[in-house]
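The data block below is run01.txt; it holds compact mmCIF, C-alpha atoms and all ligand atoms.
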```txt
# COMPACT_ATOMS: atom_id res chain seq x y z
CA SER A 1 30.99 23.29 6.24
CA ILE A 2 30.10 20.14 8.15
CA PHE A 3 27.00 19.84 5.99
CA ALA A 4 29.07 19.67 2.82
CA SER A 5 27.78 16.21 1.93
CA ALA A 6 24.23 17.19 2.66
CA VAL A 7 23.78 20.59 1.05
CA GLU A 8 21.33 19.12 -1.35
CA LYS A 9 18.28 18.05 0.60
CA ILE A 10 18.30 14.69 -1.03
CA SER A 11 16.30 12.67 1.40
CA ASP A 12 13.19 12.64 3.49
CA ILE A 13 14.29 12.08 7.08
CA LYS A 14 11.42 9.62 7.59
CA THR A 15 13.07 7.25 5.11
CA LEU A 16 16.08 6.66 7.39
CA THR A 17 16.27 3.61 9.62
CA GLU A 18 17.12 4.14 13.28
CA GLU A 19 20.65 2.96 12.58
CA GLU A 20 21.11 5.28 9.61
CA LEU A 21 19.89 8.21 11.67
CA LYS A 22 22.27 7.32 14.52
CA ASN A 23 25.17 7.17 12.07
CA TRP A 24 24.27 10.53 10.64
CA LEU A 25 24.06 12.01 14.15
CA LYS A 26 27.55 10.71 14.93
CA GLU A 27 28.87 12.14 11.68
CA VAL A 28 27.62 15.60 12.53
CA GLY A 29 28.95 15.40 16.09
CA GLU A 30 25.67 14.72 17.86
CA LYS A 31 24.64 12.06 20.36
CA PRO A 32 23.07 8.93 18.85
CA PHE A 33 20.37 8.83 21.56
CA ARG A 34 18.74 11.77 19.80
CA ALA A 35 17.59 9.34 17.12
CA ASP A 36 14.82 7.98 19.36
CA GLN A 37 13.64 11.46 20.25
CA ILE A 38 13.60 12.57 16.64
CA ARG A 39 11.77 9.48 15.44
CA ASN A 40 9.25 9.81 18.24
CA ARG A 41 8.49 13.40 17.18
CA LEU A 42 8.28 12.41 13.51
CA PHE A 43 5.92 9.48 13.90
CA CYS A 44 4.02 9.99 17.17
CA GLY A 45 3.94 13.77 17.45
CA GLN A 46 2.09 15.96 15.05
CA VAL A 47 5.15 17.97 14.05
CA LYS A 48 5.08 19.54 10.61
CA SER A 49 8.48 21.23 10.78
CA PHE A 50 11.86 20.70 12.44
CA ASP A 51 11.24 23.90 14.39
CA ALA A 52 8.27 22.30 16.11
CA MET A 53 10.50 19.63 17.68
CA GLU A 54 10.78 21.42 21.04
CA THR A 55 12.60 18.54 22.71
CA ILE A 56 15.49 18.87 20.23
CA PRO A 57 18.15 21.58 20.78
CA ALA A 58 18.01 24.42 18.26
CA ALA A 59 21.50 23.73 16.88
CA LEU A 60 20.57 20.16 16.01
CA ARG A 61 17.25 21.25 14.51
CA GLU A 62 19.23 23.53 12.22
CA LYS A 63 21.53 20.72 11.14
CA LEU A 64 18.50 18.52 10.48
CA SER A 65 16.73 21.07 8.37
CA ALA A 66 19.90 21.74 6.38
CA SER A 67 20.17 18.05 5.52
CA PHE A 68 16.69 16.58 5.20
CA ARG A 69 13.14 17.24 4.19
CA ILE A 70 10.65 16.61 6.99
CA THR A 71 7.68 16.56 4.60
CA SER A 72 7.68 15.49 0.97
CA LEU A 73 4.06 15.74 -0.09
CA GLU A 74 1.73 18.61 -0.73
CA GLU A 75 -2.03 18.15 -0.76
CA ALA A 76 -3.29 18.99 -4.26
CA LYS A 77 -6.85 17.76 -3.89
CA ARG A 78 -9.09 16.03 -1.38
CA LEU A 79 -12.34 14.30 -2.30
CA LEU A 80 -14.98 12.93 0.03
CA SER A 81 -17.18 10.03 -1.10
CA GLU A 82 -20.82 9.70 -0.07
CA ASP A 83 -19.80 6.44 1.71
CA GLY A 84 -17.21 8.23 3.90
CA THR A 85 -14.16 7.22 1.87
CA VAL A 86 -11.65 10.04 1.43
CA LYS A 87 -9.19 10.29 -1.44
CA TRP A 88 -6.17 12.58 -1.55
CA LEU A 89 -4.16 13.63 -4.53
CA TYR A 90 -0.66 14.57 -3.46
CA ARG A 91 2.02 16.41 -5.36
CA THR A 92 5.49 15.02 -4.71
CA HIS A 93 8.53 17.25 -4.13
CA ASP A 94 9.61 16.62 -7.74
CA GLY A 95 6.25 17.52 -9.26
CA HIS A 96 4.59 14.12 -9.75
CA HIS A 97 1.27 12.96 -8.33
CA ILE A 98 0.08 10.05 -6.21
CA GLU A 99 -3.19 9.12 -4.54
CA THR A 100 -4.01 7.84 -1.06
CA VAL A 101 -7.38 6.55 0.15
CA LEU A 102 -8.85 6.42 3.67
CA ILE A 103 -11.53 3.77 4.10
CA PRO A 104 -13.36 4.12 7.43
CA THR A 105 -15.41 1.09 8.54
CA ASN A 106 -16.85 1.25 12.06
CA ASP A 107 -13.80 1.39 14.31
CA ARG A 108 -11.36 0.62 11.58
CA PHE A 109 -9.47 3.30 9.68
CA SER A 110 -7.77 1.60 6.76
CA VAL A 111 -5.42 3.49 4.51
CA CYS A 112 -4.71 2.34 0.99
CA VAL A 113 -1.24 3.63 0.13
CA SER A 114 0.60 4.09 -3.14
CA THR A 115 4.10 2.63 -3.28
CA GLN A 116 5.18 3.88 -6.71
CA ILE A 117 4.37 6.80 -8.98
CA GLY A 118 2.60 4.96 -11.77
CA CYS A 119 3.19 1.27 -12.33
CA ALA A 120 5.07 -0.95 -14.74
CA GLN A 121 2.85 -4.04 -14.47
CA ASN A 122 0.43 -2.91 -17.16
CA CYS A 123 -2.64 -4.90 -16.03
CA ALA A 124 -5.46 -4.42 -18.55
CA PHE A 125 -8.13 -3.64 -15.95
CA CYS A 126 -6.21 -1.08 -13.88
CA ARG A 127 -6.14 2.67 -14.46
CA THR A 128 -2.74 3.16 -12.82
CA ALA A 129 -1.20 1.19 -15.69
CA LYS A 130 -2.17 3.99 -18.07
CA MET A 131 0.29 6.32 -16.31
CA GLY A 132 3.26 4.09 -17.07
CA PHE A 133 6.00 3.82 -14.47
CA ILE A 134 7.56 7.03 -13.21
CA ARG A 135 9.53 6.18 -10.06
CA ASN A 136 9.53 4.37 -6.74
CA LEU A 137 8.36 6.24 -3.66
CA GLU A 138 10.77 6.55 -0.76
CA ALA A 139 9.78 5.05 2.59
CA GLY A 140 9.38 8.58 3.98
CA GLU A 141 6.88 9.47 1.28
CA ILE A 142 4.82 6.34 1.88
CA LEU A 143 4.88 6.94 5.65
CA GLU A 144 3.79 10.52 5.03
CA GLU A 145 0.67 9.26 3.22
CA ILE A 146 -0.26 7.60 6.54
CA ILE A 147 0.89 10.45 8.80
CA ARG A 148 -1.23 12.90 6.83
CA VAL A 149 -4.31 10.73 7.35
CA ASN A 150 -3.63 10.87 11.09
CA TRP A 151 -3.44 14.67 10.78
CA TYR A 152 -6.78 14.65 8.99
CA LEU A 153 -8.39 12.44 11.65
CA GLU A 154 -7.17 14.83 14.32
CA GLU A 155 -8.25 17.95 12.43
CA THR A 156 -11.74 16.55 11.92
CA GLY A 157 -11.96 15.38 15.53
CA THR A 158 -12.76 11.84 14.40
CA LYS A 159 -13.14 9.45 17.34
CA HIS A 160 -13.05 5.70 17.91
CA SER A 161 -16.20 4.24 19.50
CA ASP A 162 -14.54 4.37 22.95
CA GLY A 163 -14.19 8.14 22.58
CA SER A 164 -10.44 8.16 21.96
CA LEU A 165 -8.96 10.10 19.07
CA ALA A 166 -9.07 8.06 15.88
CA LYS A 167 -5.78 6.88 14.38
CA VAL A 168 -5.03 4.82 11.31
CA THR A 169 -5.52 1.15 12.27
CA ASN A 170 -4.80 -0.80 9.07
CA ILE A 171 -2.59 -0.32 6.04
CA ILE A 172 -3.19 -1.90 2.67
CA PHE A 173 -0.43 -1.58 0.08
CA MET A 174 -2.96 -1.56 -2.74
CA GLY A 175 -2.74 1.95 -4.13
CA MET A 176 -0.70 2.92 -7.16
CA GLY A 177 2.21 0.67 -7.98
CA GLU A 178 3.58 -2.80 -7.38
CA PRO A 179 4.82 -2.89 -3.76
CA LEU A 180 7.14 -5.83 -4.33
CA ASN A 181 8.97 -3.92 -7.05
CA ASN A 182 9.84 -1.42 -4.32
CA LEU A 183 10.47 -3.91 -1.55
CA GLU A 184 13.42 -2.19 0.14
CA GLN A 185 11.31 0.93 0.83
CA VAL A 186 8.11 -1.00 1.61
CA HIS A 187 10.06 -3.15 4.08
CA ARG A 188 11.29 0.00 5.85
CA VAL A 189 7.72 1.30 6.01
CA CYS A 190 6.40 -1.94 7.53
CA CYS A 191 9.19 -1.98 10.14
CA THR A 192 8.44 1.62 11.18
CA LEU A 193 4.71 0.90 11.33
CA HIS A 194 5.32 -2.27 13.36
CA HIS A 195 7.78 -0.59 15.78
CA GLN A 196 6.26 -0.69 19.27
CA LYS A 197 7.34 2.81 20.22
CA LEU A 198 6.24 4.31 16.90
CA PHE A 199 3.02 3.25 15.14
CA ASN A 200 2.79 -0.07 16.99
CA LEU A 201 0.69 -1.74 14.29
CA GLY A 202 0.54 -5.54 14.46
CA ARG A 203 1.65 -7.70 11.55
CA LYS A 204 -1.94 -8.62 10.73
CA ARG A 205 -2.85 -4.97 10.23
CA MET A 206 -0.63 -4.51 7.20
CA THR A 207 -1.27 -6.22 3.88
CA ILE A 208 0.98 -6.13 0.87
CA SER A 209 -0.81 -6.95 -2.35
CA THR A 210 1.22 -8.14 -5.33
CA SER A 211 0.44 -8.86 -8.96
CA GLY A 212 2.74 -11.89 -8.57
CA VAL A 213 6.41 -10.90 -8.59
CA VAL A 214 7.59 -14.40 -7.66
CA PRO A 215 11.23 -13.85 -6.60
CA LYS A 216 10.16 -10.95 -4.40
CA ILE A 217 7.65 -13.13 -2.55
CA LYS A 218 10.61 -15.28 -1.51
CA GLU A 219 12.56 -12.19 -0.53
CA LEU A 220 9.64 -11.01 1.61
CA VAL A 221 9.86 -14.26 3.57
CA ASP A 222 13.66 -14.01 3.86
CA ARG A 223 13.40 -10.46 5.18
CA ASN A 224 10.61 -11.41 7.57
CA THR A 225 8.80 -8.19 6.69
CA PRO A 226 6.02 -7.65 9.26
CA CYS A 227 2.94 -7.90 7.03
CA CYS A 228 0.35 -10.20 5.49
CA LEU A 229 0.39 -11.20 1.85
CA ALA A 230 -2.36 -10.86 -0.74
CA VAL A 231 -1.88 -12.00 -4.31
CA SER A 232 -3.88 -10.74 -7.28
CA LEU A 233 -4.66 -14.09 -8.84
CA ASN A 234 -7.57 -12.73 -10.87
CA SER A 235 -7.71 -15.64 -13.23
CA THR A 236 -7.30 -19.39 -12.97
CA ASN A 237 -5.66 -20.34 -16.22
CA ASP A 238 -2.47 -19.07 -17.80
CA GLU A 239 -3.91 -18.05 -21.13
CA ARG A 240 -6.60 -15.88 -19.57
CA ARG A 241 -4.29 -14.51 -16.88
CA SER A 242 -1.58 -13.59 -19.38
CA ALA A 243 -4.15 -11.77 -21.49
CA VAL A 244 -4.93 -9.31 -18.68
CA MET A 245 -1.77 -9.48 -16.54
CA PRO A 246 1.50 -9.43 -18.50
CA VAL A 247 3.42 -10.47 -15.35
CA ASN A 248 1.98 -13.95 -15.90
CA LYS A 249 4.15 -14.35 -19.00
CA VAL A 250 7.20 -14.10 -16.75
CA TRP A 251 5.93 -16.09 -13.77
CA ASN A 252 2.96 -18.26 -14.58
CA ILE A 253 0.32 -19.56 -12.18
CA ALA A 254 2.29 -22.73 -11.30
CA LYS A 255 5.36 -20.66 -10.34
CA LEU A 256 3.20 -18.21 -8.43
CA LEU A 257 1.54 -20.99 -6.41
CA GLU A 258 4.92 -22.54 -5.70
CA ALA A 259 5.98 -19.20 -4.18
CA THR A 260 2.78 -18.74 -2.14
CA ASP A 261 3.05 -22.33 -0.88
CA GLU A 262 6.57 -21.63 0.27
CA TYR A 263 5.35 -18.44 1.92
CA THR A 264 2.66 -20.36 3.82
CA ARG A 265 5.05 -23.13 4.79
CA ARG A 266 7.74 -20.80 6.07
CA THR A 267 5.60 -18.11 7.75
CA GLY A 268 2.63 -20.18 8.93
CA ASN A 269 0.33 -17.49 7.51
CA TYR A 270 -2.22 -18.08 4.83
CA VAL A 271 -2.27 -16.08 1.61
CA THR A 272 -5.30 -14.13 0.42
CA PHE A 273 -6.00 -14.55 -3.26
CA GLU A 274 -7.67 -11.52 -4.75
CA PHE A 275 -9.94 -12.37 -7.61
CA VAL A 276 -11.35 -9.62 -9.79
CA LEU A 277 -14.67 -10.73 -11.26
CA MET A 278 -14.84 -9.81 -14.95
CA LYS A 279 -17.81 -10.76 -17.08
CA GLY A 280 -17.10 -13.72 -19.33
CA ILE A 281 -13.44 -13.85 -18.28
CA THR A 282 -13.13 -14.68 -14.60
CA CYS A 283 -16.74 -14.86 -13.50
CA SER A 284 -17.85 -18.16 -15.00
CA GLU A 285 -18.77 -21.59 -13.72
CA GLU A 286 -15.62 -22.99 -15.25
CA ALA A 287 -13.43 -20.38 -13.52
CA ALA A 288 -15.16 -21.08 -10.20
CA LYS A 289 -14.33 -24.78 -10.56
CA GLU A 290 -10.72 -24.01 -11.43
CA LEU A 291 -10.51 -21.70 -8.44
CA ILE A 292 -11.74 -24.53 -6.22
CA ARG A 293 -9.06 -26.82 -7.64
CA ILE A 294 -6.41 -24.23 -6.75
CA CYS A 295 -7.74 -23.40 -3.28
CA ALA A 296 -9.07 -26.70 -1.92
CA PRO A 297 -5.65 -28.20 -1.13
CA ARG A 298 -4.30 -24.94 0.30
CA ARG A 299 -4.63 -22.85 3.44
CA CYS A 300 -5.86 -19.68 1.82
CA LYS A 301 -8.69 -17.20 1.56
CA VAL A 302 -10.25 -15.68 -1.50
CA ASN A 303 -11.26 -12.05 -1.74
CA ALA A 304 -13.49 -11.50 -4.75
CA ILE A 305 -13.60 -7.96 -6.15
CA VAL A 306 -16.22 -6.93 -8.67
CA LEU A 307 -14.54 -5.13 -11.55
CA ASN A 308 -14.59 -1.38 -11.13
CA ASP A 309 -14.70 0.78 -14.20
CA GLY A 310 -11.10 0.79 -15.34
CA ASP A 311 -11.46 2.60 -18.64
CA ASP A 312 -11.16 -0.54 -20.83
CA PRO A 313 -14.39 -0.90 -22.83
CA THR A 314 -13.75 -4.61 -23.52
CA LEU A 315 -13.90 -5.47 -19.81
CA GLU A 316 -17.23 -5.49 -18.02
CA ALA A 317 -18.50 -6.18 -14.53
CA PRO A 318 -20.68 -9.31 -14.24
CA SER A 319 -24.39 -9.07 -13.34
CA PRO A 320 -25.47 -9.60 -9.71
CA GLU A 321 -26.83 -13.05 -10.65
CA GLU A 322 -23.55 -14.09 -12.27
CA ILE A 323 -21.66 -12.91 -9.18
CA GLU A 324 -24.00 -14.77 -6.81
CA ASN A 325 -23.74 -17.92 -8.90
CA PHE A 326 -19.94 -17.77 -8.85
CA LEU A 327 -19.80 -17.22 -5.08
CA GLU A 328 -22.31 -20.00 -4.48
CA ILE A 329 -20.23 -22.60 -6.36
CA VAL A 330 -17.06 -21.62 -4.51
CA ARG A 331 -18.77 -21.53 -1.10
CA LYS A 332 -20.25 -24.99 -1.60
CA ALA A 333 -16.71 -26.35 -1.87
CA GLU A 334 -16.04 -24.84 1.57
CA ILE A 335 -13.50 -22.36 0.27
CA GLN A 336 -13.38 -19.20 2.39
CA ILE A 337 -14.48 -16.49 0.03
CA THR A 338 -15.54 -12.95 0.83
CA ILE A 339 -16.57 -10.21 -1.51
CA ARG A 340 -14.91 -6.84 -1.21
CA ASN A 341 -17.43 -4.10 -0.75
CA PRO A 342 -16.54 -1.39 -3.27
CA ARG A 343 -15.74 1.88 -1.54
CA GLY A 344 -15.43 5.36 -2.97
CA ARG A 345 -16.47 4.52 -6.53
CA ASP A 346 -18.13 7.93 -6.90
CA ILE A 347 -14.75 9.62 -6.47
CA LEU A 348 -12.77 6.99 -8.40
CA ALA A 349 -11.14 5.76 -5.22
CA ALA A 350 -11.98 2.06 -5.59
CA CYS A 351 -9.60 -0.74 -6.58
CA GLY A 352 -7.94 -0.17 -9.91
CA GLN A 353 -9.16 3.42 -10.20
CA LEU A 354 -6.20 5.40 -8.90
CA ALA A 355 -4.43 7.40 -11.58
CA TYR A 356 -3.21 10.82 -12.48
CA ASN A 357 -3.54 11.77 -16.09
CA THR A 358 -0.70 14.15 -16.86
CA THR A 359 -1.11 14.15 -20.63
CA GLU A 360 -4.50 15.79 -20.35
CA GLY A 361 -3.08 18.13 -17.74
CA LYS A 362 -5.76 17.28 -15.22
CA ASN A 363 -6.32 14.50 -12.76
CA LYS A 364 -9.04 11.99 -13.28
CA CYS A 365 -10.61 12.45 -9.86
N1 LIG A 401 0.00 -3.94 -7.75
C1 LIG A 401 -0.62 -4.56 -6.63
C2 LIG A 401 -1.43 -3.61 -5.76
C3 LIG A 401 -2.33 -2.64 -6.46
S1 LIG A 401 -3.84 -3.30 -7.13
C4 LIG A 401 -1.46 -5.74 -7.09
O1 LIG A 401 -1.59 -5.95 -8.28
O2 LIG A 401 -1.96 -6.49 -6.25
C5 LIG A 401 -4.85 -3.71 -5.76
C6 LIG A 401 -5.98 -4.68 -6.09
O3 LIG A 401 -6.95 -4.06 -6.96
C7 LIG A 401 -5.51 -5.93 -6.81
O4 LIG A 401 -6.08 -7.07 -6.25
C8 LIG A 401 -6.04 -5.74 -8.23
O5 LIG A 401 -6.25 -6.96 -8.87
C9 LIG A 401 -7.33 -4.97 -7.96
N2 LIG A 401 -7.81 -4.23 -9.13
C10 LIG A 401 -7.09 -3.57 -10.06
N3 LIG A 401 -7.89 -3.00 -10.98
C11 LIG A 401 -9.17 -3.29 -10.61
C12 LIG A 401 -10.46 -2.95 -11.14
N4 LIG A 401 -10.60 -2.21 -12.25
N5 LIG A 401 -11.54 -3.42 -10.48
C13 LIG A 401 -11.42 -4.14 -9.35
N6 LIG A 401 -10.24 -4.48 -8.81
C14 LIG A 401 -9.13 -4.06 -9.43
```
So, in terms of structure tokens, how does the structure I just supplied come out?
Ligand code: SAH
Amino acid sequence: SIFASAVEKISDIKTLTEEELKNWLKEVGEKPFRADQIRNRLFCGQVKSFDAMETIPAALREKLSASFRITSLEEAKRLLSEDGTVKWLYRTHDGHHIETVLIPTNDRFSVCVSTQIGCAQNCAFCRTAKMGFIRNLEAGEILEEIIRVNWYLEETGTKHSDGSLAKVTNIIFMGMGEPLNNLEQVHRVCCTLHHQKLFNLGRKRMTISTSGVVPKIKELVDRNTPCCLAVSLNSTNDERRSAVMPVNKVWNIAKLLEATDEYTRRTGNYVTFEFVLMKGITCSEEAAKELIRICAPRRCKVNAIVLNDGDDPTLEAPSPEEIENFLEIVRKAEIQITIRNPRGRDILAACGQLAYNTTEGKNKC
């Protein structure tokens, strides 16, 4: 049969680039212009099956469904926080689990996406680390996390303040996993989101957050991936950073700053340094002064995040006074620092809280 190479439904069709899809169409004797139509239905329409693609001839729809999956995720659980945050637990086609979070703020609908199942970075304060690393997500799976939020917004009749139907407006690559360890797929996702005829999201609306995978920061610049960059600095000296983030033993703070400086120089964009405030570790007067030393000569912003309960009893959140004191010192030095408002803590949807505990046979939602 002409589908011989594709009997196994190996791939999610949403993973394919326009060019790959055109090549496949040629291979199966179809016209390459169908690629645009198919991608339009996948990303702009609300189609949930190949059969629902009315603009595509039935014979081609059959070939498509014999070769690709159109959806890869199944909703296993949905939790609604008292602050409006929504968290989904999805089951992947091969039986693993990931989480996605929708964070609505006025007219903004931000989605925090997972890029890997589990994570290999093993940061002490993060729950995802406890899962270990299982596998990378495909671009199609990551895009589906976003598409499904658009389905939800439509189902619930959510509107923007101008009365139009709400759509996802911002993407943060801050869910499970280290996005830069899955850069090929994350790059594909950003390009599809940025594509004018598809999601049409501007570069500034997508933020990749990394624990500090230095060579991949350079690759991000080389690829010109449409996104902003946030770096989880979290600590200002190597000893303390290595103690909570093993990645620092491979690329220390000096190497990390060299990479972010190059990023700023070559892209013209500033970097956001994320800084998790941990009692006695990163939330001290000394750390604030070190942070000033790092940030004062650079074009950057700091996003402080108060430690969320991450299951490690040795790590604690600082008191409100300690936090205020820290912010005050940094602000006085005219460093741009904002504090991230924790969202969805009651459903374990906040930073560092996404995980699926398979060993206990239940999720930790
Ligand atoms: N692997 C990427 C993206 C996922 S983490 C990275 O490390 O950046 C997203 C953000 O949540 C990071 O800034 C991380 O430092 C922060 N974070 C992780 N665990 C946290 C916790 N328990 N409390 C508050 N922030 C946390």
Selection near Ile337 in chain A, 10 Å with all atoms listed in the file, sequence-local residues under 3 positions removed, as a PDB file with C-alpha atoms, in the frame of the given file:
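Result file follows (part_3.pdb):
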```
ATOM      1  CA  THR A 272      -5.300 -14.130   0.420  1.00  0.00           C
ATOM      2  CA  PHE A 273      -6.000 -14.550  -3.260  1.00  0.00           C
ATOM      3  CA  GLU A 274      -7.670 -11.520  -4.750  1.00  0.00           C
ATOM      4  CA  PHE A 275      -9.940 -12.370  -7.610  1.00  0.00           C
ATOM      5  CA  CYS A 300      -5.860 -19.680   1.820  1.00  0.00           C
ATOM      6  CA  LYS A 301      -8.690 -17.200   1.560  1.00  0.00           C
ATOM      7  CA  VAL A 302     -10.250 -15.680  -1.500  1.00  0.00           C
ATOM      8  CA  ASN A 303     -11.260 -12.050  -1.740  1.00  0.00           C
ATOM      9  CA  ALA A 304     -13.490 -11.500  -4.750  1.00  0.00           C
ATOM     10  CA  LEU A 327     -19.800 -17.220  -5.080  1.00  0.00           C
ATOM     11  CA  GLU A 328     -22.310 -20.000  -4.480  1.00  0.00           C
ATOM     12  CA  VAL A 330     -17.060 -21.620  -4.510  1.00  0.00           C
ATOM     13  CA  ARG A 331     -18.770 -21.530  -1.100  1.00  0.00           C
ATOM     14  CA  GLU A 334     -16.040 -24.840   1.570  1.00  0.00           C
ATOM     15  CA  ARG A 340     -14.910  -6.840  -1.210  1.00  0.00           C
TER      16      ARG A 340
END
```
Could you produce a table of the residues of chain A lying within 6 Å of ligand LIG 401 (chain A), with the nearest pair of atoms per residue and their separation in Å rounded to one decimal, using all atoms listed in the file, ordered by chain and increasing residue number, as a Markdown table?
```
| residue | atom | partner | partner_atom | distance |
| --- | --- | --- | --- | --- |
| A:Phe125 | CA | A:LIG401 | N4 | 4.7 |
| A:Cys126 | CA | A:LIG401 | N3 | 3.9 |
| A:Met174 | CA | A:LIG401 | C3 | 3.9 |
| A:Gly175 | CA | A:LIG401 | C3 | 5.2 |
| A:Met176 | CA | A:LIG401 | C3 | 5.8 |
| A:Gly177 | CA | A:LIG401 | N1 | 5.1 |
| A:Glu178 | CA | A:LIG401 | N1 | 3.8 |
| A:Ser209 | CA | A:LIG401 | O2 | 4.1 |
| A:Thr210 | CA | A:LIG401 | O2 | 3.7 |
| A:Ser211 | CA | A:LIG401 | O1 | 3.6 |
| A:Val231 | CA | A:LIG401 | O2 | 5.8 |
| A:Ser232 | CA | A:LIG401 | O4 | 4.4 |
| A:Glu274 | CA | A:LIG401 | O4 | 5.0 |
| A:Val276 | CA | A:LIG401 | N6 | 5.3 |
| A:Ile305 | CA | A:LIG401 | C13 | 5.4 |
| A:Val306 | CA | A:LIG401 | C13 | 5.6 |
| A:Leu307 | CA | A:LIG401 | N5 | 3.6 |
| A:Asn308 | CA | A:LIG401 | N5 | 3.7 |
| A:Asp309 | CA | A:LIG401 | N4 | 5.4 |
| A:Gly310 | CA | A:LIG401 | N4 | 4.3 |
| A:Cys351 | CA | A:LIG401 | O3 | 4.3 |
| A:Gly352 | CA | A:LIG401 | N3 | 3.0 |
```
Expected file: the selected residues, C-alpha atoms, as a short mmCIF file (atom, residue, chain, number, x, y, z; two decimals), in the frame of the given file:
```cif
data_model
loop_
_atom_site.label_atom_id
_atom_site.label_comp_id
_atom_site.auth_asym_id
_atom_site.auth_seq_id
_atom_site.Cartn_x
_atom_site.Cartn_y
_atom_site.Cartn_z
CA PHE A 125 -8.13 -3.64 -15.95
CA CYS A 126 -6.21 -1.08 -13.88
CA MET A 174 -2.96 -1.56 -2.74
CA GLY A 175 -2.74 1.95 -4.13
CA MET A 176 -0.70 2.92 -7.16
CA GLY A 177 2.21 0.67 -7.98
CA GLU A 178 3.58 -2.80 -7.38
CA SER A 209 -0.81 -6.95 -2.35
CA THR A 210 1.22 -8.14 -5.33
CA SER A 211 0.44 -8.86 -8.96
CA VAL A 231 -1.88 -12.00 -4.31
CA SER A 232 -3.88 -10.74 -7.28
CA GLU A 274 -7.67 -11.52 -4.75
CA VAL A 276 -11.35 -9.62 -9.79
CA ILE A 305 -13.60 -7.96 -6.15
CA VAL A 306 -16.22 -6.93 -8.67
CA LEU A 307 -14.54 -5.13 -11.55
CA ASN A 308 -14.59 -1.38 -11.13
CA ASP A 309 -14.70 0.78 -14.20
CA GLY A 310 -11.10 0.79 -15.34
CA CYS A 351 -9.60 -0.74 -6.58
CA GLY A 352 -7.94 -0.17 -9.91
#
```
So that I can see what lies close to Glu75 in chain A, please list as number ranges by chain the residues with an atom at most 12 Å from it, counting all atoms listed in the file and leaving out residues fewer than 5 positions away in the same chain.
A: 87-93, 95-100, 144-145, 148-149, 152
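The closest residue to Val168 in chain A, picked from A:Lys249, A:Arg298, A:Arg188, A:Arg205 and counting all atoms listed in the file, is A:Arg205.
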Selected residue, from A:Thr282, A:Asn325, A:Thr207, A:Asn252, that lies nearest to Val113 in chain A when counting all atoms listed in the file
A:Thr207
Considering all atoms listed in the file, can you say which of A:Ala66, A:Val86, A:Val101, A:Ala52 comes closest to Leu354 in chain A?
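The shortest atom-to-atom distance to Leu354 in chain A comes from A:Val101.
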